[in-house]
file final_8.cif (mmCIF, N, CA and C atoms)
data_input
loop_
_atom_site.label_atom_id
_atom_site.label_comp_id
_atom_site.auth_asym_id
_atom_site.auth_seq_id
_atom_site.Cartn_x
_atom_site.Cartn_y
_atom_site.Cartn_z
N MET M 950 -29.18 -9.83 -86.16
CA MET M 950 -30.17 -9.38 -85.20
C MET M 950 -29.41 -8.63 -84.11
N ARG M 951 -29.78 -7.42 -83.87
CA ARG M 951 -29.15 -6.59 -82.84
C ARG M 951 -30.22 -6.08 -81.89
N PHE M 952 -29.83 -5.91 -80.63
CA PHE M 952 -30.73 -5.37 -79.63
C PHE M 952 -29.91 -4.66 -78.57
N GLU M 953 -30.59 -3.83 -77.81
CA GLU M 953 -30.01 -3.17 -76.64
C GLU M 953 -30.94 -3.40 -75.48
N VAL M 954 -30.37 -3.56 -74.29
CA VAL M 954 -31.19 -3.65 -73.08
C VAL M 954 -30.82 -2.50 -72.16
N SER M 955 -31.79 -2.06 -71.39
CA SER M 955 -31.54 -1.03 -70.39
C SER M 955 -31.85 -1.62 -69.03
N GLY M 956 -31.11 -1.18 -68.03
CA GLY M 956 -31.35 -1.67 -66.68
C GLY M 956 -30.82 -3.08 -66.49
N GLU M 957 -31.15 -3.60 -65.35
CA GLU M 957 -30.68 -4.94 -64.97
C GLU M 957 -31.67 -6.01 -65.41
N GLY M 958 -31.12 -7.14 -65.82
CA GLY M 958 -31.94 -8.30 -66.11
C GLY M 958 -32.29 -9.03 -64.82
N SER M 959 -33.11 -10.05 -64.93
CA SER M 959 -33.48 -10.84 -63.76
C SER M 959 -33.62 -12.30 -64.16
N ASN M 960 -33.78 -13.14 -63.17
CA ASN M 960 -34.08 -14.55 -63.38
C ASN M 960 -33.07 -15.25 -64.30
N ALA M 961 -31.79 -14.96 -64.11
CA ALA M 961 -30.76 -15.65 -64.90
C ALA M 961 -30.80 -17.13 -64.52
N HIS M 962 -30.96 -17.99 -65.52
CA HIS M 962 -31.05 -19.42 -65.25
C HIS M 962 -30.67 -20.21 -66.49
N SER M 963 -30.42 -21.47 -66.28
CA SER M 963 -30.20 -22.38 -67.41
C SER M 963 -31.41 -23.29 -67.50
N CYS M 964 -31.64 -23.87 -68.67
CA CYS M 964 -32.84 -24.68 -68.88
C CYS M 964 -32.53 -25.81 -69.85
N SER M 965 -33.12 -26.95 -69.59
CA SER M 965 -32.97 -28.11 -70.47
C SER M 965 -34.31 -28.63 -70.98
N CYS M 966 -35.36 -27.78 -70.97
CA CYS M 966 -36.65 -28.26 -71.45
C CYS M 966 -36.56 -28.58 -72.95
N ARG M 967 -37.45 -29.39 -73.42
CA ARG M 967 -37.42 -29.81 -74.82
C ARG M 967 -37.60 -28.62 -75.77
N ASN M 968 -38.41 -27.62 -75.40
CA ASN M 968 -38.56 -26.43 -76.24
C ASN M 968 -37.22 -25.72 -76.41
N CYS M 969 -36.48 -25.56 -75.31
CA CYS M 969 -35.17 -24.89 -75.39
C CYS M 969 -34.19 -25.71 -76.24
N GLN M 970 -34.21 -27.02 -76.05
CA GLN M 970 -33.32 -27.88 -76.82
C GLN M 970 -33.61 -27.76 -78.31
N GLN M 971 -34.87 -27.81 -78.69
CA GLN M 971 -35.22 -27.74 -80.10
C GLN M 971 -35.00 -26.34 -80.67
N HIS M 972 -35.22 -25.31 -79.87
CA HIS M 972 -35.05 -23.93 -80.33
C HIS M 972 -33.58 -23.62 -80.65
N THR M 973 -32.68 -24.19 -79.86
CA THR M 973 -31.26 -23.84 -80.00
C THR M 973 -30.38 -24.96 -80.54
N GLY M 974 -30.83 -26.19 -80.45
CA GLY M 974 -29.99 -27.32 -80.84
C GLY M 974 -29.00 -27.70 -79.75
N ALA M 975 -29.12 -27.11 -78.57
CA ALA M 975 -28.20 -27.37 -77.47
C ALA M 975 -28.93 -28.14 -76.37
N PRO M 976 -28.22 -28.96 -75.59
CA PRO M 976 -28.88 -29.71 -74.52
C PRO M 976 -29.32 -28.82 -73.36
N THR M 977 -28.67 -27.68 -73.21
CA THR M 977 -28.99 -26.74 -72.15
C THR M 977 -28.67 -25.34 -72.64
N VAL M 978 -29.48 -24.37 -72.25
CA VAL M 978 -29.23 -22.98 -72.63
C VAL M 978 -29.28 -22.10 -71.39
N ALA M 979 -28.67 -20.93 -71.51
CA ALA M 979 -28.68 -19.95 -70.42
C ALA M 979 -29.51 -18.75 -70.86
N TRP M 980 -30.38 -18.28 -69.97
CA TRP M 980 -31.31 -17.20 -70.23
C TRP M 980 -31.16 -16.08 -69.21
N VAL M 981 -31.54 -14.89 -69.58
CA VAL M 981 -31.72 -13.79 -68.65
C VAL M 981 -32.96 -13.02 -69.12
N GLU M 982 -33.78 -12.58 -68.18
CA GLU M 982 -35.06 -11.97 -68.53
C GLU M 982 -35.04 -10.46 -68.31
N PHE M 983 -35.80 -9.77 -69.16
CA PHE M 983 -35.97 -8.32 -69.09
C PHE M 983 -37.44 -8.01 -69.31
N ALA M 984 -37.89 -6.91 -68.73
CA ALA M 984 -39.23 -6.42 -69.04
C ALA M 984 -39.22 -5.99 -70.51
N ARG M 985 -40.33 -6.16 -71.16
CA ARG M 985 -40.42 -5.85 -72.60
C ARG M 985 -39.95 -4.43 -72.90
N ASP M 986 -40.25 -3.47 -72.02
CA ASP M 986 -39.86 -2.08 -72.29
C ASP M 986 -38.37 -1.83 -72.04
N GLN M 987 -37.63 -2.82 -71.56
CA GLN M 987 -36.18 -2.70 -71.38
C GLN M 987 -35.41 -3.15 -72.62
N VAL M 988 -36.10 -3.72 -73.59
CA VAL M 988 -35.44 -4.29 -74.78
C VAL M 988 -35.81 -3.45 -75.99
N ARG M 989 -34.78 -3.09 -76.75
CA ARG M 989 -35.00 -2.33 -77.99
C ARG M 989 -34.28 -3.05 -79.12
N TRP M 990 -35.02 -3.37 -80.18
CA TRP M 990 -34.46 -4.05 -81.35
C TRP M 990 -33.83 -2.98 -82.24
N THR M 991 -32.52 -3.05 -82.44
CA THR M 991 -31.80 -1.97 -83.09
C THR M 991 -31.26 -2.30 -84.47
N GLY M 992 -31.19 -3.53 -84.84
CA GLY M 992 -30.59 -3.91 -86.12
C GLY M 992 -31.48 -3.64 -87.30
N THR M 993 -30.93 -3.78 -88.48
CA THR M 993 -31.69 -3.54 -89.71
C THR M 993 -32.81 -4.56 -89.89
N ALA M 994 -32.71 -5.71 -89.23
CA ALA M 994 -33.75 -6.72 -89.34
C ALA M 994 -34.98 -6.36 -88.51
N GLY M 995 -34.87 -5.36 -87.63
CA GLY M 995 -36.00 -4.96 -86.79
C GLY M 995 -36.28 -5.98 -85.71
N ALA M 996 -37.53 -6.09 -85.32
CA ALA M 996 -37.93 -7.05 -84.28
C ALA M 996 -37.74 -8.47 -84.81
N PRO M 997 -37.48 -9.41 -83.93
CA PRO M 997 -37.26 -10.78 -84.38
C PRO M 997 -38.55 -11.42 -84.90
N ALA M 998 -38.37 -12.43 -85.72
CA ALA M 998 -39.48 -13.28 -86.12
C ALA M 998 -39.80 -14.19 -84.94
N THR M 999 -41.01 -14.69 -84.86
CA THR M 999 -41.39 -15.55 -83.74
C THR M 999 -42.19 -16.75 -84.24
N TYR M 1000 -42.17 -17.79 -83.42
CA TYR M 1000 -43.12 -18.89 -83.61
C TYR M 1000 -43.66 -19.27 -82.24
N ARG M 1001 -44.91 -19.61 -82.21
CA ARG M 1001 -45.60 -19.92 -80.96
C ARG M 1001 -45.12 -21.28 -80.45
N SER M 1002 -44.51 -21.30 -79.26
CA SER M 1002 -43.96 -22.54 -78.72
C SER M 1002 -44.76 -23.10 -77.54
N SER M 1003 -45.65 -22.30 -76.99
CA SER M 1003 -46.49 -22.77 -75.88
C SER M 1003 -47.70 -21.86 -75.78
N ASP M 1004 -48.54 -22.12 -74.80
CA ASP M 1004 -49.74 -21.30 -74.66
C ASP M 1004 -49.45 -19.94 -74.03
N TYR M 1005 -48.19 -19.67 -73.63
CA TYR M 1005 -47.86 -18.39 -73.02
C TYR M 1005 -46.62 -17.71 -73.61
N SER M 1006 -46.00 -18.33 -74.63
CA SER M 1006 -44.74 -17.77 -75.10
C SER M 1006 -44.49 -18.09 -76.57
N SER M 1007 -43.66 -17.24 -77.18
CA SER M 1007 -43.21 -17.45 -78.55
C SER M 1007 -41.69 -17.42 -78.57
N ARG M 1008 -41.07 -18.28 -79.32
CA ARG M 1008 -39.62 -18.28 -79.48
C ARG M 1008 -39.26 -17.24 -80.54
N ALA M 1009 -38.15 -16.55 -80.31
CA ALA M 1009 -37.73 -15.46 -81.19
C ALA M 1009 -36.44 -15.83 -81.90
N PHE M 1010 -36.36 -15.45 -83.17
CA PHE M 1010 -35.18 -15.72 -83.96
C PHE M 1010 -35.03 -14.65 -85.03
N CYS M 1011 -33.83 -14.50 -85.56
CA CYS M 1011 -33.58 -13.53 -86.61
C CYS M 1011 -34.13 -14.05 -87.93
N ALA M 1012 -35.01 -13.28 -88.56
CA ALA M 1012 -35.59 -13.68 -89.83
C ALA M 1012 -34.55 -13.68 -90.95
N ALA M 1013 -33.48 -12.90 -90.80
CA ALA M 1013 -32.45 -12.82 -91.84
C ALA M 1013 -31.47 -14.00 -91.78
N CYS M 1014 -31.01 -14.36 -90.57
CA CYS M 1014 -29.97 -15.41 -90.48
C CYS M 1014 -30.43 -16.65 -89.72
N GLY M 1015 -31.56 -16.60 -89.04
CA GLY M 1015 -32.08 -17.74 -88.32
C GLY M 1015 -31.56 -17.92 -86.92
N SER M 1016 -30.68 -17.04 -86.44
CA SER M 1016 -30.12 -17.17 -85.10
C SER M 1016 -31.20 -17.11 -84.03
N SER M 1017 -31.10 -18.02 -83.06
CA SER M 1017 -32.00 -18.00 -81.92
C SER M 1017 -31.68 -16.79 -81.06
N ILE M 1018 -32.71 -16.06 -80.64
CA ILE M 1018 -32.54 -14.86 -79.83
C ILE M 1018 -33.06 -15.08 -78.42
N GLY M 1019 -34.22 -15.72 -78.29
CA GLY M 1019 -34.81 -15.92 -76.98
C GLY M 1019 -36.28 -16.25 -77.07
N ALA M 1020 -37.03 -15.76 -76.11
CA ALA M 1020 -38.47 -15.99 -76.06
C ALA M 1020 -39.16 -14.70 -75.66
N ILE M 1021 -40.29 -14.47 -76.28
CA ILE M 1021 -41.10 -13.30 -75.95
C ILE M 1021 -42.40 -13.83 -75.37
N ASP M 1022 -42.56 -13.64 -74.07
CA ASP M 1022 -43.74 -14.16 -73.37
C ASP M 1022 -44.93 -13.24 -73.54
N ASP M 1023 -46.12 -13.80 -73.36
CA ASP M 1023 -47.32 -12.98 -73.38
C ASP M 1023 -47.29 -11.97 -72.25
N ALA M 1024 -46.78 -12.38 -71.09
CA ALA M 1024 -46.53 -11.42 -70.02
C ALA M 1024 -45.46 -10.47 -70.56
N PRO M 1025 -45.33 -9.31 -70.02
CA PRO M 1025 -44.38 -8.36 -70.62
C PRO M 1025 -42.92 -8.73 -70.32
N THR M 1026 -42.53 -9.96 -70.70
CA THR M 1026 -41.19 -10.45 -70.44
C THR M 1026 -40.53 -10.89 -71.74
N VAL M 1027 -39.27 -10.50 -71.89
CA VAL M 1027 -38.44 -10.98 -72.99
C VAL M 1027 -37.28 -11.72 -72.36
N ALA M 1028 -37.19 -13.00 -72.62
CA ALA M 1028 -36.09 -13.82 -72.12
C ALA M 1028 -35.07 -13.96 -73.25
N LEU M 1029 -33.87 -13.45 -73.01
CA LEU M 1029 -32.85 -13.46 -74.05
C LEU M 1029 -31.80 -14.53 -73.76
N LEU M 1030 -31.38 -15.20 -74.80
CA LEU M 1030 -30.31 -16.19 -74.66
C LEU M 1030 -29.01 -15.46 -74.35
N VAL M 1031 -28.33 -15.90 -73.33
CA VAL M 1031 -27.10 -15.23 -72.90
C VAL M 1031 -26.08 -15.19 -74.03
N GLY M 1032 -26.02 -16.21 -74.84
CA GLY M 1032 -25.06 -16.25 -75.94
C GLY M 1032 -25.31 -15.22 -77.02
N SER M 1033 -26.47 -14.58 -77.01
CA SER M 1033 -26.76 -13.56 -78.03
C SER M 1033 -26.24 -12.18 -77.66
N PHE M 1034 -25.72 -12.02 -76.45
CA PHE M 1034 -25.15 -10.74 -76.02
C PHE M 1034 -23.72 -10.59 -76.54
N ASP M 1035 -23.29 -9.34 -76.74
CA ASP M 1035 -21.91 -9.09 -77.16
C ASP M 1035 -20.92 -9.59 -76.12
N ASP M 1036 -21.28 -9.52 -74.84
CA ASP M 1036 -20.42 -9.98 -73.76
C ASP M 1036 -21.18 -10.98 -72.89
N PRO M 1037 -21.24 -12.26 -73.31
CA PRO M 1037 -22.02 -13.24 -72.55
C PRO M 1037 -21.38 -13.64 -71.22
N ALA M 1038 -20.14 -13.22 -70.96
CA ALA M 1038 -19.44 -13.61 -69.74
C ALA M 1038 -19.74 -12.69 -68.55
N GLN M 1039 -20.69 -11.78 -68.69
CA GLN M 1039 -21.01 -10.87 -67.59
C GLN M 1039 -21.45 -11.66 -66.36
N ALA M 1040 -20.96 -11.26 -65.21
CA ALA M 1040 -21.30 -11.94 -63.96
C ALA M 1040 -22.81 -11.97 -63.73
N ALA M 1041 -23.53 -10.95 -64.17
CA ALA M 1041 -24.98 -10.89 -63.97
C ALA M 1041 -25.72 -11.99 -64.74
N PHE M 1042 -25.06 -12.61 -65.70
CA PHE M 1042 -25.71 -13.66 -66.50
C PHE M 1042 -25.49 -15.06 -65.93
N ALA M 1043 -24.71 -15.19 -64.87
CA ALA M 1043 -24.47 -16.51 -64.29
C ALA M 1043 -25.80 -17.10 -63.80
N PRO M 1044 -26.13 -18.32 -64.21
CA PRO M 1044 -27.41 -18.92 -63.81
C PRO M 1044 -27.55 -19.05 -62.30
N GLU M 1045 -28.73 -18.71 -61.81
CA GLU M 1045 -29.03 -18.84 -60.39
C GLU M 1045 -29.66 -20.20 -60.08
N TYR M 1046 -30.22 -20.85 -61.10
CA TYR M 1046 -30.81 -22.18 -60.94
C TYR M 1046 -30.94 -22.82 -62.30
N HIS M 1047 -31.33 -24.09 -62.31
CA HIS M 1047 -31.49 -24.83 -63.56
C HIS M 1047 -32.92 -25.37 -63.64
N SER M 1048 -33.57 -25.16 -64.78
CA SER M 1048 -34.93 -25.65 -65.00
C SER M 1048 -34.91 -26.97 -65.78
N PHE M 1049 -35.86 -27.81 -65.50
CA PHE M 1049 -36.09 -29.05 -66.23
C PHE M 1049 -34.91 -30.02 -66.16
N ASP M 1050 -34.46 -30.27 -64.93
CA ASP M 1050 -33.42 -31.29 -64.72
C ASP M 1050 -33.86 -32.65 -65.24
N ASP M 1051 -35.17 -32.92 -65.19
CA ASP M 1051 -35.67 -34.24 -65.57
C ASP M 1051 -35.49 -34.57 -67.05
N VAL M 1052 -35.28 -33.58 -67.90
CA VAL M 1052 -35.04 -33.86 -69.32
C VAL M 1052 -33.62 -33.48 -69.76
N ARG M 1053 -32.82 -33.07 -68.81
CA ARG M 1053 -31.41 -32.79 -69.11
C ARG M 1053 -30.73 -34.12 -69.43
N PRO M 1054 -29.91 -34.16 -70.48
CA PRO M 1054 -29.20 -35.41 -70.76
C PRO M 1054 -28.39 -35.85 -69.54
N GLY M 1055 -28.38 -37.15 -69.27
CA GLY M 1055 -27.69 -37.66 -68.10
C GLY M 1055 -26.20 -37.35 -68.07
N TRP M 1056 -25.60 -37.16 -69.24
CA TRP M 1056 -24.17 -36.87 -69.30
C TRP M 1056 -23.87 -35.40 -69.06
N TRP M 1057 -24.91 -34.54 -69.02
CA TRP M 1057 -24.72 -33.10 -68.84
C TRP M 1057 -24.78 -32.76 -67.36
N GLN M 1058 -23.71 -32.26 -66.81
CA GLN M 1058 -23.66 -31.89 -65.40
C GLN M 1058 -23.64 -30.37 -65.28
N VAL M 1059 -24.47 -29.84 -64.40
CA VAL M 1059 -24.53 -28.41 -64.18
C VAL M 1059 -24.11 -28.13 -62.74
N ASP M 1060 -23.05 -27.38 -62.59
CA ASP M 1060 -22.58 -26.97 -61.27
C ASP M 1060 -22.72 -25.45 -61.22
N LEU M 1061 -23.84 -24.97 -60.66
CA LEU M 1061 -24.10 -23.53 -60.68
C LEU M 1061 -23.04 -22.75 -59.92
N ALA M 1062 -22.44 -23.33 -58.90
CA ALA M 1062 -21.39 -22.62 -58.16
C ALA M 1062 -20.17 -22.40 -59.07
N ALA M 1063 -19.93 -23.33 -59.96
CA ALA M 1063 -18.79 -23.20 -60.86
C ALA M 1063 -19.16 -22.43 -62.14
N ALA M 1064 -20.44 -22.09 -62.31
CA ALA M 1064 -20.89 -21.44 -63.53
C ALA M 1064 -20.57 -19.96 -63.57
N ALA M 1065 -20.15 -19.39 -62.45
CA ALA M 1065 -19.83 -17.97 -62.43
C ALA M 1065 -18.66 -17.71 -63.37
N PRO M 1066 -18.77 -16.69 -64.22
CA PRO M 1066 -17.71 -16.40 -65.19
C PRO M 1066 -16.41 -15.99 -64.50
N THR M 1067 -15.34 -16.27 -65.18
CA THR M 1067 -14.02 -15.86 -64.70
C THR M 1067 -13.50 -14.76 -65.60
N SER M 1068 -12.65 -13.93 -65.07
CA SER M 1068 -12.09 -12.86 -65.89
C SER M 1068 -10.93 -13.42 -66.70
N GLY M 1069 -10.60 -12.74 -67.77
CA GLY M 1069 -9.48 -13.12 -68.60
C GLY M 1069 -9.80 -14.13 -69.67
N ASP M 1070 -11.07 -14.51 -69.81
CA ASP M 1070 -11.41 -15.47 -70.85
C ASP M 1070 -11.46 -14.82 -72.21
#
call {"tool": "encode", "arguments": {"input": "final_8.cif", "output": "structure tokens"}}
result
Amino acid sequence: MRFEVSGEGSNAHSCSCRNCQQHTGAPTVAWVEFARDQVRWTGTAGAPATYRSSDYSSRAFCAACGSSIGAIDDAPTVALLVGSFDDPAQAAFAPEYHSFDDVRPGWWQVDLAAAAPTSGD
């Protein structure tokens, strides 16, 4: 699954909601959002496959390999998983806040001040 984004993303955050956990298999995921017209699906697989995960959003994944891509909301928003980018260490992807602390595993600690990427990784 390949895509390109134009312009700046917004609302970079991490999330531990049960939908995110089940969609990715991870206790917490990092997201960045783009307007739908900022995202172009470029790979041979075309647009991602989706499944309806709530009354306002569908989770997106590659129909060819099953990789989680993000969420496509009914509002014109595409939330992409930071790990799906070629360069997930971009400073613009550092989470600004964390959603659903109440379902985050107790052993998982999120320090947003320390979440900023470092160079040389």
call {"tool": "select_by_dssp", "arguments": {"input": "final_8.cif", "residues": "stretch 952-1069 of chain M", "states": "alpha helix (DSSP H)", "output": "MDAnalysis selection string"}}
result
chainID M and resid 967:973
call {"tool": "closest_residue", "arguments": {"input": "final_8.cif", "among": "M:Ala1040, M:Phe1049, M:His972, M:Ser965", "to": "M:Gly1015", "atoms": "only C-alpha atoms"}}
result
M:His972
call {"tool": "select_by_dssp", "arguments": {"input": "final_8.cif", "residues": "chain M", "states": "strand (DSSP E)", "output": "ChimeraX atom specification"}}
result
/M:952-954,959-964,978-984,988-990,998-1001,1006-1010,1017-1022,1026-1030,1047-1048
call {"tool": "closest_residue", "arguments": {"input": "final_8.cif", "among": "M:Cys1011, M:Ile1018, M:Val1031, M:Met950", "to": "M:Thr991", "atoms": "all atoms listed in the file"}}
result
M:Met950
call {"tool": "closest_residue", "arguments": {"input": "final_8.cif", "among": "M:Asp1023, M:Phe1034, M:Ser1016, M:Trp1056", "to": "M:Asp1004", "atoms": "only N, CA and C atoms"}}
result
M:Asp1023
call {"tool": "residues_around", "arguments": {"input": "final_8.cif", "residues": "M:Phe1010", "least_positions_apart": "3", "cutoff": "7 Å", "atoms": "only N, CA and C atoms", "output": "list in words"}}
result
Ala996, Pro997, Ala998, Thr999, Tyr1000, Ala1013, Cys1014, Gly1015, Ser1016, Ser1017, Ile1018 and Gly1019 of chain M
call {"tool": "atom_distance", "arguments": {"input": "final_8.cif", "atom1": "atom N of M:Arg967", "atom2": "atom C of M:Asp1022"}}
result
17.8 Å
call {"tool": "residues_around", "arguments": {"input": "final_8.cif", "residues": "M:Phe983", "least_positions_apart": "4", "cutoff": "12 Å", "atoms": "only C-alpha atoms", "output": "JSON, numbers by chain"}}
result
{"M": [953, 954, 955, 956, 957, 958, 959, 960, 961, 987, 988, 989, 1019, 1020, 1021, 1022, 1024, 1025, 1026, 1027, 1028, 1029, 1030, 1031, 1042]}
call {"tool": "atom_distance", "arguments": {"input": "final_8.cif", "atom1": "atom CA of M:Thr977", "atom2": "atom CA of M:Cys964"}}
result
5.5 Å
call {"tool": "atom_distance", "arguments": {"input": "final_8.cif", "atom1": "atom CA of M:Val978", "atom2": "atom N of M:Gly1032"}}
result
7.8 Å
call {"tool": "resolve_selection", "arguments": {"input": "final_8.cif", "expression": "the PyMOL selection byres (((chain M and resi 962 and name CA) around 8) and name CA)", "output": "compact mmCIF listing (two decimals) with N, CA and C atoms, in the frame of the given file"}}
result
# COMPACT_ATOMS: atom_id res chain seq x y z
N ASN M 960 -33.78 -13.14 -63.17
CA ASN M 960 -34.08 -14.55 -63.38
C ASN M 960 -33.07 -15.25 -64.30
N ALA M 961 -31.79 -14.96 -64.11
CA ALA M 961 -30.76 -15.65 -64.90
C ALA M 961 -30.80 -17.13 -64.52
N SER M 963 -30.42 -21.47 -66.28
CA SER M 963 -30.20 -22.38 -67.41
C SER M 963 -31.41 -23.29 -67.50
N CYS M 964 -31.64 -23.87 -68.67
CA CYS M 964 -32.84 -24.68 -68.88
C CYS M 964 -32.53 -25.81 -69.85
N ALA M 979 -28.67 -20.93 -71.51
CA ALA M 979 -28.68 -19.95 -70.42
C ALA M 979 -29.51 -18.75 -70.86
N TRP M 980 -30.38 -18.28 -69.97
CA TRP M 980 -31.31 -17.20 -70.23
C TRP M 980 -31.16 -16.08 -69.21
N VAL M 981 -31.54 -14.89 -69.58
CA VAL M 981 -31.72 -13.79 -68.65
C VAL M 981 -32.96 -13.02 -69.12
N PHE M 1042 -25.06 -12.61 -65.70
CA PHE M 1042 -25.71 -13.66 -66.50
C PHE M 1042 -25.49 -15.06 -65.93
N ALA M 1043 -24.71 -15.19 -64.87
CA ALA M 1043 -24.47 -16.51 -64.29
C ALA M 1043 -25.80 -17.10 -63.80
N PRO M 1044 -26.13 -18.32 -64.21
CA PRO M 1044 -27.41 -18.92 -63.81
C PRO M 1044 -27.55 -19.05 -62.30
N GLU M 1045 -28.73 -18.71 -61.81
CA GLU M 1045 -29.03 -18.84 -60.39
C GLU M 1045 -29.66 -20.20 -60.08
N TYR M 1046 -30.22 -20.85 -61.10
CA TYR M 1046 -30.81 -22.18 -60.94
C TYR M 1046 -30.94 -22.82 -62.30
N HIS M 1047 -31.33 -24.09 -62.31
CA HIS M 1047 -31.49 -24.83 -63.56
C HIS M 1047 -32.92 -25.37 -63.64
N SER M 1048 -33.57 -25.16 -64.78
CA SER M 1048 -34.93 -25.65 -65.00
C SER M 1048 -34.91 -26.97 -65.78
